[in-house]
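Shown next: protein.cif, containing mmCIF, C-alpha atoms.
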```cif
data_coords
loop_
_atom_site.group_PDB
_atom_site.id
_atom_site.type_symbol
_atom_site.label_atom_id
_atom_site.label_comp_id
_atom_site.auth_asym_id
_atom_site.auth_seq_id
_atom_site.Cartn_x
_atom_site.Cartn_y
_atom_site.Cartn_z
ATOM 1 C CA MET A 350 10.833 -4.782 -15.959
ATOM 2 C CA TYR A 351 13.814 -7.048 -15.328
ATOM 3 C CA ALA A 352 16.033 -5.629 -18.087
ATOM 4 C CA HIS A 353 15.094 -2.009 -17.329
ATOM 5 C CA GLY A 354 15.637 -1.857 -13.567
ATOM 6 C CA LEU A 355 15.635 -5.038 -11.540
ATOM 7 C CA LYS A 356 18.716 -6.399 -13.308
ATOM 8 C CA ARG A 357 20.751 -3.365 -12.207
ATOM 9 C CA VAL A 358 19.559 -3.711 -8.593
ATOM 10 C CA ILE A 359 20.582 -7.376 -8.554
ATOM 11 C CA ASP A 360 23.959 -6.530 -10.104
ATOM 12 C CA PHE A 361 24.649 -3.883 -7.470
ATOM 13 C CA CYS A 362 23.690 -6.099 -4.535
ATOM 14 C CA LEU A 363 25.560 -9.174 -5.772
ATOM 15 C CA SER A 364 28.737 -7.283 -6.738
ATOM 16 C CA LEU A 365 28.869 -5.499 -3.365
ATOM 17 C CA THR A 366 28.336 -8.779 -1.521
ATOM 18 C CA ALA A 367 30.986 -10.530 -3.628
ATOM 19 C CA ILE A 368 33.558 -7.774 -3.032
ATOM 20 C CA LEU A 369 33.017 -7.971 0.729
ATOM 21 C CA LEU A 370 33.127 -11.776 0.876
ATOM 22 C CA LEU A 371 36.106 -12.065 -1.477
ATOM 23 C CA SER A 372 38.138 -9.225 0.047
ATOM 24 C CA PRO A 373 40.668 -11.629 1.690
ATOM 25 C CA LEU A 374 41.229 -13.400 -1.645
ATOM 26 C CA LEU A 375 41.467 -10.088 -3.489
ATOM 27 C CA THR A 376 44.088 -8.882 -1.005
ATOM 28 C CA VAL A 377 46.179 -12.024 -1.533
ATOM 29 C CA LEU A 378 45.938 -11.705 -5.315
ATOM 30 C CA ILE A 379 46.991 -8.066 -5.171
ATOM 31 C CA VAL A 380 50.112 -8.909 -3.139
ATOM 32 C CA VAL A 381 51.052 -12.023 -5.131
ATOM 33 C CA GLY A 382 50.311 -10.236 -8.404
ATOM 34 C CA ALA A 383 52.592 -7.330 -7.493
ATOM 35 C CA ILE A 384 55.404 -9.820 -6.893
ATOM 36 C CA ALA A 385 54.735 -12.001 -9.950
ATOM 37 C CA MET A 386 54.331 -9.046 -12.305
ATOM 38 C CA LYS A 387 57.146 -7.037 -10.677
ATOM 39 C CA GLY A 388 54.954 -4.015 -10.125
ATOM 40 C CA ASN A 389 51.343 -2.955 -10.596
ATOM 41 C CA PRO A 390 49.122 -6.074 -10.338
ATOM 42 C CA PHE A 391 46.233 -4.355 -12.107
ATOM 43 C CA PHE A 392 45.523 -3.946 -15.801
ATOM 44 C CA THR A 393 43.209 -1.127 -16.876
ATOM 45 C CA GLN A 394 42.001 -0.324 -20.363
ATOM 46 C CA GLN A 395 39.307 1.724 -22.017
ATOM 47 C CA ARG A 396 36.411 -0.394 -23.264
ATOM 48 C CA PRO A 397 33.008 0.454 -24.801
ATOM 49 C CA GLY A 398 29.993 -0.144 -22.590
ATOM 50 C CA LYS A 399 26.251 0.310 -23.075
ATOM 51 C CA ASP A 400 25.503 2.488 -26.127
ATOM 52 C CA ALA A 401 29.257 2.316 -26.847
ATOM 53 C CA ARG A 402 30.054 4.752 -24.023
ATOM 54 C CA ILE A 403 33.695 4.374 -23.004
ATOM 55 C CA PHE A 404 34.656 3.295 -19.488
ATOM 56 C CA ARG A 405 37.856 2.035 -17.854
ATOM 57 C CA LEU A 406 37.827 -1.712 -17.253
ATOM 58 C CA ILE A 407 39.966 -3.103 -14.430
ATOM 59 C CA LYS A 408 41.403 -6.632 -14.246
ATOM 60 C CA PHE A 409 44.322 -8.404 -12.641
ATOM 61 C CA ARG A 410 47.362 -8.286 -14.892
ATOM 62 C CA THR A 411 48.152 -11.616 -16.547
ATOM 63 C CA MET A 412 50.934 -10.561 -18.916
ATOM 64 C CA SER A 413 54.251 -8.947 -18.120
ATOM 65 C CA ASN A 414 55.523 -5.838 -19.885
ATOM 66 C CA ALA A 415 58.562 -7.672 -21.296
ATOM 67 C CA LYS A 416 59.943 -5.989 -24.428
ATOM 68 C CA ASP A 417 62.456 -6.840 -27.127
ATOM 69 C CA LYS A 418 65.710 -4.965 -27.688
ATOM 70 C CA ASP A 419 63.875 -2.368 -29.791
ATOM 71 C CA GLY A 420 61.417 -1.586 -27.013
ATOM 72 C CA ASN A 421 58.458 -3.448 -28.549
ATOM 73 C CA LEU A 422 56.255 -5.661 -26.394
ATOM 74 C CA LEU A 423 56.950 -9.358 -26.866
ATOM 75 C CA PRO A 424 54.163 -11.641 -28.220
ATOM 76 C CA ASP A 425 51.291 -12.509 -25.874
ATOM 77 C CA GLU A 426 52.388 -16.140 -25.494
ATOM 78 C CA VAL A 427 55.800 -14.956 -24.226
ATOM 79 C CA ARG A 428 54.472 -12.321 -21.817
ATOM 80 C CA LEU A 429 51.777 -14.656 -20.453
ATOM 81 C CA ASN A 430 53.712 -16.213 -17.579
ATOM 82 C CA GLY A 431 52.744 -19.138 -15.363
ATOM 83 C CA TYR A 432 50.950 -16.978 -12.821
ATOM 84 C CA GLY A 433 49.038 -15.227 -15.586
ATOM 85 C CA ARG A 434 47.989 -18.557 -17.082
ATOM 86 C CA PHE A 435 46.717 -19.644 -13.683
ATOM 87 C CA LEU A 436 44.671 -16.461 -13.300
ATOM 88 C CA ARG A 437 43.142 -16.894 -16.753
ATOM 89 C CA SER A 438 42.427 -20.609 -16.403
ATOM 90 C CA THR A 439 40.551 -19.950 -13.161
ATOM 91 C CA SER A 440 39.076 -16.614 -14.368
ATOM 92 C CA LEU A 441 40.449 -14.955 -11.212
ATOM 93 C CA ASP A 442 41.848 -12.168 -13.390
ATOM 94 C CA GLU A 443 38.268 -10.987 -13.917
ATOM 95 C CA LEU A 444 37.463 -10.400 -10.229
ATOM 96 C CA PRO A 445 38.347 -6.666 -10.151
ATOM 97 C CA GLU A 446 35.563 -6.129 -12.694
ATOM 98 C CA LEU A 447 33.215 -6.463 -9.726
ATOM 99 C CA ILE A 448 34.103 -2.812 -9.126
ATOM 100 C CA ASN A 449 32.977 -1.950 -12.669
ATOM 101 C CA ILE A 450 29.715 -3.748 -11.959
ATOM 102 C CA LEU A 451 29.229 -1.990 -8.636
ATOM 103 C CA ILE A 452 29.554 1.485 -10.165
ATOM 104 C CA GLY A 453 27.348 0.633 -13.140
ATOM 105 C CA ASP A 454 29.831 0.336 -16.015
ATOM 106 C CA MET A 455 29.090 -3.370 -16.373
ATOM 107 C CA ALA A 456 26.623 -6.090 -15.426
ATOM 108 C CA LEU A 457 27.229 -9.569 -14.080
ATOM 109 C CA ILE A 458 25.793 -11.061 -17.287
ATOM 110 C CA GLY A 459 26.135 -9.520 -20.747
ATOM 111 C CA PRO A 460 28.338 -9.424 -23.857
ATOM 112 C CA ARG A 461 31.999 -9.135 -22.914
ATOM 113 C CA PRO A 462 33.456 -5.606 -23.289
ATOM 114 C CA LEU A 463 35.965 -5.671 -26.151
ATOM 115 C CA LEU A 464 38.492 -3.186 -27.520
ATOM 116 C CA VAL A 465 37.525 0.358 -28.472
ATOM 117 C CA LYS A 466 39.264 -0.041 -31.830
ATOM 118 C CA TYR A 467 36.711 -2.715 -32.808
ATOM 119 C CA LEU A 468 33.802 -0.238 -32.722
ATOM 120 C CA PRO A 469 34.053 0.880 -36.385
ATOM 121 C CA LEU A 470 34.495 -2.749 -37.509
ATOM 122 C CA TYR A 471 31.121 -4.049 -36.345
ATOM 123 C CA ASN A 472 28.382 -4.383 -38.920
ATOM 124 C CA GLU A 473 24.908 -3.062 -38.101
ATOM 125 C CA GLU A 474 23.776 -6.349 -36.581
ATOM 126 C CA GLN A 475 26.894 -6.891 -34.482
ATOM 127 C CA ALA A 476 26.704 -3.352 -33.077
ATOM 128 C CA HIS A 477 23.538 -4.335 -31.184
ATOM 129 C CA ARG A 478 25.780 -6.075 -28.643
ATOM 130 C CA HIS A 479 26.151 -2.592 -27.136
ATOM 131 C CA ASP A 480 22.418 -2.198 -26.504
ATOM 132 C CA VAL A 481 22.976 -3.540 -22.965
ATOM 133 C CA ARG A 482 25.707 -3.228 -20.350
ATOM 134 C CA PRO A 483 28.683 -5.517 -20.995
ATOM 135 C CA GLY A 484 29.078 -8.434 -18.607
ATOM 136 C CA LEU A 485 31.588 -10.222 -16.426
ATOM 137 C CA THR A 486 30.357 -13.344 -18.189
ATOM 138 C CA GLY A 487 27.895 -13.904 -20.993
ATOM 139 C CA TYR A 488 26.084 -16.236 -23.343
ATOM 140 C CA ALA A 489 29.121 -16.625 -25.597
ATOM 141 C CA GLN A 490 31.371 -17.359 -22.610
ATOM 142 C CA VAL A 491 29.392 -20.483 -21.716
ATOM 143 C CA HIS A 492 29.155 -21.569 -25.356
ATOM 144 C CA GLY A 493 32.781 -21.769 -26.405
ATOM 145 C CA ARG A 494 34.444 -18.598 -25.113
ATOM 146 C CA ASN A 495 37.651 -18.139 -27.165
ATOM 147 C CA THR A 496 37.250 -21.327 -29.231
ATOM 148 C CA VAL A 497 34.442 -19.951 -31.430
ATOM 149 C CA SER A 498 34.825 -17.453 -34.268
ATOM 150 C CA TRP A 499 34.230 -13.750 -33.776
ATOM 151 C CA GLU A 500 31.136 -13.986 -36.004
ATOM 152 C CA ASP A 501 29.625 -16.794 -33.916
ATOM 153 C CA LYS A 502 30.479 -14.940 -30.723
ATOM 154 C CA PHE A 503 28.781 -11.737 -31.907
ATOM 155 C CA GLU A 504 25.766 -13.688 -33.104
ATOM 156 C CA MET A 505 25.415 -15.121 -29.602
ATOM 157 C CA ASP A 506 25.850 -11.659 -28.069
ATOM 158 C CA VAL A 507 22.997 -10.270 -30.151
ATOM 159 C CA TYR A 508 20.865 -13.321 -29.370
ATOM 160 C CA TYR A 509 21.359 -12.548 -25.689
ATOM 161 C CA VAL A 510 20.417 -8.884 -26.136
ATOM 162 C CA ARG A 511 17.188 -9.813 -27.914
ATOM 163 C CA ASN A 512 16.220 -12.584 -25.509
ATOM 164 C CA LEU A 513 17.276 -11.042 -22.200
ATOM 165 C CA THR A 514 15.318 -12.487 -19.276
ATOM 166 C CA PHE A 515 16.013 -13.367 -15.663
ATOM 167 C CA GLY A 516 15.802 -17.042 -16.596
ATOM 168 C CA LEU A 517 18.454 -16.691 -19.301
ATOM 169 C CA ASP A 518 20.760 -14.783 -16.932
ATOM 170 C CA LEU A 519 20.292 -17.509 -14.329
ATOM 171 C CA ARG A 520 21.264 -20.242 -16.813
ATOM 172 C CA ILE A 521 24.357 -18.291 -17.864
ATOM 173 C CA PHE A 522 25.287 -17.625 -14.224
ATOM 174 C CA PHE A 523 25.340 -21.315 -13.314
ATOM 175 C CA GLY A 524 26.785 -22.277 -16.704
ATOM 176 C CA THR A 525 29.738 -20.006 -15.979
ATOM 177 C CA PHE A 526 30.667 -21.994 -12.879
ATOM 178 C CA ALA A 527 30.660 -25.200 -14.937
ATOM 179 C CA ALA A 528 32.828 -23.597 -17.662
ATOM 180 C CA VAL A 529 35.321 -22.264 -15.097
ATOM 181 C CA LEU A 530 35.598 -25.618 -13.336
ATOM 182 C CA LYS A 531 36.221 -27.386 -16.659
ATOM 183 C CA ARG A 532 38.485 -24.488 -17.767
ATOM 184 C CA ASP A 533 36.892 -24.566 -21.206
ATOM 185 C CA GLY A 534 37.641 -22.156 -24.034
ATOM 186 C CA ILE A 535 40.440 -20.184 -22.417
ATOM 187 C CA THR A 536 42.575 -20.040 -25.543
ATOM 188 C CA SER A 537 41.738 -20.128 -29.207
ATOM 189 C CA ALA A 538 43.075 -22.785 -31.548
ATOM 190 C CA THR A 539 45.845 -20.532 -32.860
ATOM 191 C CA SER A 540 46.598 -18.050 -30.080
ATOM 192 C CA ALA A 541 47.413 -17.848 -26.380
ATOM 193 C CA THR A 542 44.509 -15.442 -26.010
ATOM 194 C CA MET A 543 42.159 -14.563 -28.884
ATOM 195 C CA GLU A 544 43.005 -13.439 -32.415
ATOM 196 C CA GLU A 545 42.404 -9.782 -33.186
ATOM 197 C CA PHE A 546 39.039 -8.967 -34.761
ATOM 198 C CA ARG A 547 39.538 -7.362 -38.188
ATOM 199 C CA GLY A 548 35.939 -7.089 -39.305
ATOM 200 C CA THR A 549 33.539 -9.582 -40.827
ATOM 201 C CA PRO A 550 34.248 -10.317 -44.510
ATOM 202 C CA GLN A 551 31.355 -9.470 -46.849
ATOM 203 C CA ASP A 552 30.783 -13.108 -47.799
ATOM 204 C CA GLU A 553 30.419 -14.031 -44.109
ATOM 205 C CA GLN A 554 27.925 -11.202 -43.599
ATOM 206 C CA GLU A 555 25.875 -12.502 -46.531
ATOM 207 C CA LYS A 556 25.787 -15.975 -44.950
ATOM 208 C CA VAL A 557 24.420 -14.487 -41.743
ATOM 209 C CA ASP A 558 21.780 -12.519 -43.671
ATOM 210 C CA ILE A 559 20.677 -15.667 -45.516
ATOM 211 C CA ILE A 560 20.431 -17.658 -42.264
#
```

Let me see the file written as C-alpha cells.
Amino acid sequence: MYAHGLKRVIDFCLSLTAILLLSPLLTVLIVVGAIAMKGNPFFTQQRPGKDARIFRLIKFRTMSNAKDKDGNLLPDEVRLNGYGRFLRSTSLDELPELINILIGDMALIGPRPLLVKYLPLYNEEQAHRHDVRPGLTGYAQVHGRNTVSWEDKFEMDVYYVRNLTFGLDLRIFFGTFAAVLKRDGITSATSATMEEFRGTPQDEQEKVDII
C-alpha cells in the first residue's frame, strides 16, 4: 500500500509544505544565484524518471558557463566556483527539485535521477533503478554518495527498489540530514563532481552475478 499510493501522498504534502516554508530562502538563493552566476540561477536538464520516462529536472546552477577560446566549456573543477561549491556542500542546489516532487516527476526518497545518455549503458539488473520514481535523496546518498563506485551505487539503488518500505524511507530521510551536516561524499576521489558512467565492464557484472 505504501509504495503504490501512500508514498505519493506523503511526497506531495511534504514538498508543498517545504516550498511554502522555504520560500524566503528560495527567493534569496534565486537573487544571489543570478548575481553569482551572472544570469539564470537555475539549471534544467532532461532526466529519466519512473519507467525511464523523461522529465525536466530543475536545480540551482552551481557551475558557470565559462568557455575556452574555442568556445568549449571549461572543466567542471574550473566552472565550479565558490558559490557553487557552497550550494553543493550544503545540498541547497537540490531545493528546486521540490517542484519536481510536487508535480510527480520525483519522490523525496528514491534513486537519484541520472543522465539520459546512461540509459543504454545499464545492464538488466541496474535498469531496475527506474522501477520507482527517482528521489531528492536515496539509499546510496546516505551510504557514500559520490565516493562509491557506480556499480556499488546502482546495487544500492536496486536494493532500495526491492526493499521499499516506509521504515526504510524514514531511515534514509533522517540519514540525509546527518550526511548533509557532515558534508560527506560531495566529491569523488578523482573529480570535482562524479566521473562519467561508461557502463559496467563484463568482469564486474560477473562478480555481481556470483555474489

Next item on the list: Go through A:Asp506, A:Val497, A:Gly388, A:Pro445 one by one, measure the shortest atom-to-atom distance of each to A:Thr376 using all atoms listed in the file, and give the residue with the smallest value.
Entry: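 With all atoms listed in the file as the atom set, the closest residue is A:Pro445.
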
task: Go through the shown structure with the PyMOL selection byres ((chain A and resi 415) around 12) and write out the matching residues as a PyMOL selection string.
output: chain A and resi 386-387+412-414+416-430

Self-check item: Nearest candidate to A:Leu447 (options A:Leu485, A:Val358, A:Leu517, A:Leu530; using only C-alpha atoms)
Solution: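 Ranking A:Leu485, A:Val358, A:Leu517, A:Leu530 by distance to A:Leu447, first place goes to A:Leu485.
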
| task | Using atom CA of A:Leu363 and atom CA of A:Thr496 as the two end points, give the distance in Å to one decimal. | result |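 Computing it gives 28.9 Å between the two atoms.
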
Nearest-residue call for A:Lys531, choices A:Asn472, A:Ser438, A:Thr486, A:Asn512, using only C-alpha atoms: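 The answer is A:Ser438, which sits nearest to A:Lys531.
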
Quote the spacing between atom CA of A:Leu470 and atom CA of A:Gly548 in Å to one decimal place.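 According to the coordinates, atom CA of A:Leu470 and atom CA of A:Gly548 are separated by 4.9 Å.
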
| Result set, the PyMOL selection byres ((chain A and resi 483) around 10) on current file, as a list in words |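 In the shown coordinates, the PyMOL selection byres ((chain A and resi 483) around 10) covers Arg396, Pro397, Gly398, Lys399, Ala401, Ile450, Asp454, Met455, Ala456, Leu457, Ile458, Gly459, Pro460, Arg461, Pro462, Leu463, Arg478, His479, Asp480, Val481, Arg482, Gly484, Leu485, Thr486, Gly487 and Asp506 of chain A.
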
Just C-alpha atoms for this one: save the residues we selected as a PDB file, in the frame of the given file.
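Listing of part-v7.pdb after writing:
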```
ATOM      1  CA  ARG A 396      36.411  -0.394 -23.264  1.00  0.00           C
ATOM      2  CA  PRO A 397      33.008   0.454 -24.801  1.00  0.00           C
ATOM      3  CA  GLY A 398      29.993  -0.144 -22.590  1.00  0.00           C
ATOM      4  CA  LYS A 399      26.251   0.310 -23.075  1.00  0.00           C
ATOM      5  CA  ALA A 401      29.257   2.316 -26.847  1.00  0.00           C
ATOM      6  CA  ILE A 450      29.715  -3.748 -11.959  1.00  0.00           C
ATOM      7  CA  ASP A 454      29.831   0.336 -16.015  1.00  0.00           C
ATOM      8  CA  MET A 455      29.090  -3.370 -16.373  1.00  0.00           C
ATOM      9  CA  ALA A 456      26.623  -6.090 -15.426  1.00  0.00           C
ATOM     10  CA  LEU A 457      27.229  -9.569 -14.080  1.00  0.00           C
ATOM     11  CA  ILE A 458      25.793 -11.061 -17.287  1.00  0.00           C
ATOM     12  CA  GLY A 459      26.135  -9.520 -20.747  1.00  0.00           C
ATOM     13  CA  PRO A 460      28.338  -9.424 -23.857  1.00  0.00           C
ATOM     14  CA  ARG A 461      31.999  -9.135 -22.914  1.00  0.00           C
ATOM     15  CA  PRO A 462      33.456  -5.606 -23.289  1.00  0.00           C
ATOM     16  CA  LEU A 463      35.965  -5.671 -26.151  1.00  0.00           C
ATOM     17  CA  ARG A 478      25.780  -6.075 -28.643  1.00  0.00           C
ATOM     18  CA  HIS A 479      26.151  -2.592 -27.136  1.00  0.00           C
ATOM     19  CA  ASP A 480      22.418  -2.198 -26.504  1.00  0.00           C
ATOM     20  CA  VAL A 481      22.976  -3.540 -22.965  1.00  0.00           C
ATOM     21  CA  ARG A 482      25.707  -3.228 -20.350  1.00  0.00           C
ATOM     22  CA  GLY A 484      29.078  -8.434 -18.607  1.00  0.00           C
ATOM     23  CA  LEU A 485      31.588 -10.222 -16.426  1.00  0.00           C
ATOM     24  CA  THR A 486      30.357 -13.344 -18.189  1.00  0.00           C
ATOM     25  CA  GLY A 487      27.895 -13.904 -20.993  1.00  0.00           C
ATOM     26  CA  ASP A 506      25.850 -11.659 -28.069  1.00  0.00           C
TER      27      ASP A 506
END
```

Nearby residues, (44.6, -0.3, -20.1) file frame, 12 Å, only C-alpha atoms, as a PyMOL selection string: chain A and resi 389+391-396+404-410+463-465

What gap, in Å, lies between atom CA of A:Gly382 and atom CA of A:Ile368?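 That distance, rounded to one decimal, is 17.8 Å.
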
Judged by all atoms listed in the file, the minimum distance to A:Leu451 among A:Leu365, A:Ile384, A:Val510, A:Leu375 is found for A:Leu365

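Proximity ranking of A:Phe515, A:Tyr467, A:Tyr432, A:Phe503 relative to A:Gly354 places A:Phe515 first, based on all atoms listed in the file.
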
- Which one of A:Gly433, A:Gly453, A:Pro373, A:Pro469 sits closest to A:Ile359 if you count all atoms listed in the file?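 Among the listed residues, the smallest separation from A:Ile359 belongs to A:Gly453.
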